[in-house]
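Asker: This one is data29.cif, mmCIF, C-alpha atoms.
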data_input
loop_
_atom_site.group_PDB
_atom_site.id
_atom_site.type_symbol
_atom_site.label_atom_id
_atom_site.label_comp_id
_atom_site.auth_asym_id
_atom_site.auth_seq_id
_atom_site.Cartn_x
_atom_site.Cartn_y
_atom_site.Cartn_z
ATOM 1 C CA MET A 63 56.994 46.114 -91.907
ATOM 2 C CA SER A 64 55.683 48.338 -89.112
ATOM 3 C CA LYS A 65 53.230 49.935 -91.541
ATOM 4 C CA SER A 66 51.549 46.592 -92.198
ATOM 5 C CA LEU A 67 51.535 45.793 -88.473
ATOM 6 C CA ASN A 68 49.727 49.068 -87.765
ATOM 7 C CA SER A 69 47.052 48.272 -90.330
ATOM 8 C CA ILE A 70 46.575 44.829 -88.773
ATOM 9 C CA TYR A 71 46.035 46.401 -85.357
ATOM 10 C CA ALA A 72 43.674 48.980 -86.820
ATOM 11 C CA VAL A 73 41.562 46.277 -88.436
ATOM 12 C CA ASN A 74 41.466 44.106 -85.313
ATOM 13 C CA TYR A 75 40.834 46.915 -82.833
ATOM 14 C CA ASP A 76 37.379 46.831 -81.272
ATOM 15 C CA SER A 77 36.672 49.409 -78.563
ATOM 16 C CA LYS A 78 33.999 47.184 -76.986
ATOM 17 C CA GLU A 79 36.625 44.477 -76.470
ATOM 18 C CA GLU A 80 38.699 47.017 -74.559
ATOM 19 C CA PHE A 81 35.923 47.975 -72.099
ATOM 20 C CA LEU A 82 37.200 47.254 -68.565
ATOM 21 C CA TYR A 83 40.338 45.591 -69.957
ATOM 22 C CA GLY A 84 42.777 45.191 -67.071
ATOM 23 C CA VAL A 85 40.070 45.965 -64.518
ATOM 24 C CA ILE A 86 38.095 42.716 -64.402
ATOM 25 C CA ALA A 87 38.717 39.208 -65.766
ATOM 26 C CA ILE A 88 37.641 38.018 -69.198
ATOM 27 C CA PRO A 89 34.642 35.884 -68.065
ATOM 28 C CA ALA A 90 33.111 38.897 -66.308
ATOM 29 C CA ARG A 91 33.834 41.155 -69.295
ATOM 30 C CA ARG A 92 32.184 38.633 -71.622
ATOM 31 C CA ALA A 93 29.108 38.482 -69.369
ATOM 32 C CA LEU A 94 28.773 42.262 -69.625
ATOM 33 C CA GLU A 95 29.310 42.128 -73.383
ATOM 34 C CA LYS A 96 26.560 39.505 -73.694
ATOM 35 C CA GLU A 97 24.175 41.952 -71.985
ATOM 36 C CA LYS A 98 25.335 44.762 -74.313
ATOM 37 C CA ILE A 99 26.934 46.628 -71.383
ATOM 38 C CA ASP A 100 29.892 48.372 -72.982
ATOM 39 C CA SER A 101 30.198 51.603 -71.018
ATOM 40 C CA LEU A 102 30.203 52.795 -67.418
ATOM 41 C CA GLU A 103 27.043 54.738 -68.198
ATOM 42 C CA LYS A 104 25.199 51.537 -69.174
ATOM 43 C CA LEU A 105 26.694 49.712 -66.204
ATOM 44 C CA SER A 106 25.298 52.350 -63.838
ATOM 45 C CA ASP A 107 21.769 51.404 -65.000
ATOM 46 C CA TYR A 108 22.171 48.131 -63.083
ATOM 47 C CA SER A 109 22.215 47.361 -59.368
ATOM 48 C CA GLU A 110 25.123 45.584 -57.720
ATOM 49 C CA LYS A 111 22.850 42.616 -57.079
ATOM 50 C CA GLU A 112 21.960 42.316 -60.780
ATOM 51 C CA ILE A 113 25.608 42.343 -61.826
ATOM 52 C CA LEU A 114 26.619 39.836 -59.131
ATOM 53 C CA GLN A 115 24.173 37.340 -60.650
ATOM 54 C CA MET A 116 26.146 37.307 -63.908
ATOM 55 C CA HIS A 117 28.778 34.679 -64.688
ATOM 56 C CA GLY A 118 32.266 35.668 -63.604
ATOM 57 C CA PHE A 119 31.236 38.110 -60.890
ATOM 58 C CA GLY A 120 32.129 37.561 -57.255
ATOM 59 C CA LYS A 121 33.220 39.713 -54.335
ATOM 60 C CA ASN A 122 36.703 40.492 -55.685
ATOM 61 C CA THR A 123 35.535 41.351 -59.176
ATOM 62 C CA MET A 124 32.737 43.497 -57.787
ATOM 63 C CA GLU A 125 35.158 45.360 -55.507
ATOM 64 C CA ARG A 126 37.501 46.123 -58.420
ATOM 65 C CA LEU A 127 34.564 47.200 -60.567
ATOM 66 C CA LYS A 128 33.089 49.453 -57.872
ATOM 67 C CA ASN A 129 36.468 51.097 -57.273
ATOM 68 C CA TYR A 130 36.953 51.695 -60.988
ATOM 69 C CA MET A 131 33.460 53.144 -61.332
ATOM 70 C CA LYS A 132 33.969 55.402 -58.311
ATOM 71 C CA GLU A 133 37.247 56.730 -59.777
ATOM 72 C CA ASN A 134 35.251 57.703 -62.877
ATOM 73 C CA GLN A 135 32.256 59.131 -60.938
ATOM 74 C CA PHE A 136 29.846 56.310 -61.816
ATOM 75 C CA PHE A 137 27.820 54.265 -59.344
ATOM 76 C CA PHE A 138 25.428 51.328 -59.420
ATOM 77 C CA LYS A 139 21.759 52.139 -59.154
ATOM 78 C CA GLU A 140 20.106 51.496 -55.819
ATOM 79 C CA ALA A 141 18.354 48.112 -55.667
#
Can you turn what I pasted into structure tokens?
Answerer:
Amino acid sequence: MSKSLNSIYAVNYDSKEEFLYGVIAIPARRALEKEKIDSLEKLSDYSEKEILQMHGFGKNTMERLKNYMKENQFFFKEA
């Protein structure tokens, strides 16, 4: 039984879906996905202002995102 469960998870696993999982809410993650932003490196090509204009981003989400980026030595570009 567990063998078939593992294969199900392997088939359904999508690393892009996991980007920022547990860091920011689903609407914000979907907005990033829509813009093809699926890594901190790509995210650092944007300014804070540009990201805040996307659906699902407000002060709290931005704070969590900035903290997460800082922990991983990534930063938004200067506006």
Asker: For region 104-113 of chain A, work out the shell of residues within 8 Å, counting only C-alpha atoms and skipping chain neighbours fewer than 6 positions away, then give it as a PDB file with C-alpha atoms, in the coordinates of the input.
Answerer:
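result_32.pdb, written as the output of this step:
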ATOM      1  CA  PHE A 119      31.236  38.110 -60.890  1.00  0.00           C
ATOM      2  CA  MET A 124      32.737  43.497 -57.787  1.00  0.00           C
ATOM      3  CA  PHE A 136      29.846  56.310 -61.816  1.00  0.00           C
ATOM      4  CA  PHE A 137      27.820  54.265 -59.344  1.00  0.00           C
ATOM      5  CA  PHE A 138      25.428  51.328 -59.420  1.00  0.00           C
ATOM      6  CA  LYS A 139      21.759  52.139 -59.154  1.00  0.00           C
ATOM      7  CA  GLU A 140      20.106  51.496 -55.819  1.00  0.00           C
ATOM      8  CA  ALA A 141      18.354  48.112 -55.667  1.00  0.00           C
TER       9      ALA A 141
END
Asker: Any chance you could work out the residue set of the PyMOL selection byres ((chain A and resi 82) around 12) here, as JSON, numbers by chain?
Answerer: {"A": [77, 78, 79, 80, 81, 83, 84, 85, 86, 87, 88, 89, 90, 91, 92, 93, 94, 95, 99, 100, 101, 102, 105, 123, 126, 127, 128, 129, 130, 131]}
Asker: Save out the residues we just selected, C-alpha atoms, as a PDB file, in the coordinates of the input.
Answerer:
ATOM      1  CA  SER A  77      36.672  49.409 -78.563  1.00  0.00           C
ATOM      2  CA  LYS A  78      33.999  47.184 -76.986  1.00  0.00           C
ATOM      3  CA  GLU A  79      36.625  44.477 -76.470  1.00  0.00           C
ATOM      4  CA  GLU A  80      38.699  47.017 -74.559  1.00  0.00           C
ATOM      5  CA  PHE A  81      35.923  47.975 -72.099  1.00  0.00           C
ATOM      6  CA  TYR A  83      40.338  45.591 -69.957  1.00  0.00           C
ATOM      7  CA  GLY A  84      42.777  45.191 -67.071  1.00  0.00           C
ATOM      8  CA  VAL A  85      40.070  45.965 -64.518  1.00  0.00           C
ATOM      9  CA  ILE A  86      38.095  42.716 -64.402  1.00  0.00           C
ATOM     10  CA  ALA A  87      38.717  39.208 -65.766  1.00  0.00           C
ATOM     11  CA  ILE A  88      37.641  38.018 -69.198  1.00  0.00           C
ATOM     12  CA  PRO A  89      34.642  35.884 -68.065  1.00  0.00           C
ATOM     13  CA  ALA A  90      33.111  38.897 -66.308  1.00  0.00           C
ATOM     14  CA  ARG A  91      33.834  41.155 -69.295  1.00  0.00           C
ATOM     15  CA  ARG A  92      32.184  38.633 -71.622  1.00  0.00           C
ATOM     16  CA  ALA A  93      29.108  38.482 -69.369  1.00  0.00           C
ATOM     17  CA  LEU A  94      28.773  42.262 -69.625  1.00  0.00           C
ATOM     18  CA  GLU A  95      29.310  42.128 -73.383  1.00  0.00           C
ATOM     19  CA  ILE A  99      26.934  46.628 -71.383  1.00  0.00           C
ATOM     20  CA  ASP A 100      29.892  48.372 -72.982  1.00  0.00           C
ATOM     21  CA  SER A 101      30.198  51.603 -71.018  1.00  0.00           C
ATOM     22  CA  LEU A 102      30.203  52.795 -67.418  1.00  0.00           C
ATOM     23  CA  LEU A 105      26.694  49.712 -66.204  1.00  0.00           C
ATOM     24  CA  THR A 123      35.535  41.351 -59.176  1.00  0.00           C
ATOM     25  CA  ARG A 126      37.501  46.123 -58.420  1.00  0.00           C
ATOM     26  CA  LEU A 127      34.564  47.200 -60.567  1.00  0.00           C
ATOM     27  CA  LYS A 128      33.089  49.453 -57.872  1.00  0.00           C
ATOM     28  CA  ASN A 129      36.468  51.097 -57.273  1.00  0.00           C
ATOM     29  CA  TYR A 130      36.953  51.695 -60.988  1.00  0.00           C
ATOM     30  CA  MET A 131      33.460  53.144 -61.332  1.00  0.00           C
TER      31      MET A 131
END
Asker: So for region 124-133 of chain A, what box centre and size do we get, axis-aligned, 6 Å extra on each of the six sides, every listed atom, Å to one decimal, as lines of an AutoDock Vina configuration file?
Answerer:
center_x = 35.1
center_y = 50.1
center_z = -58.4
size_x = 16.8
size_y = 25.2
size_z = 17.8
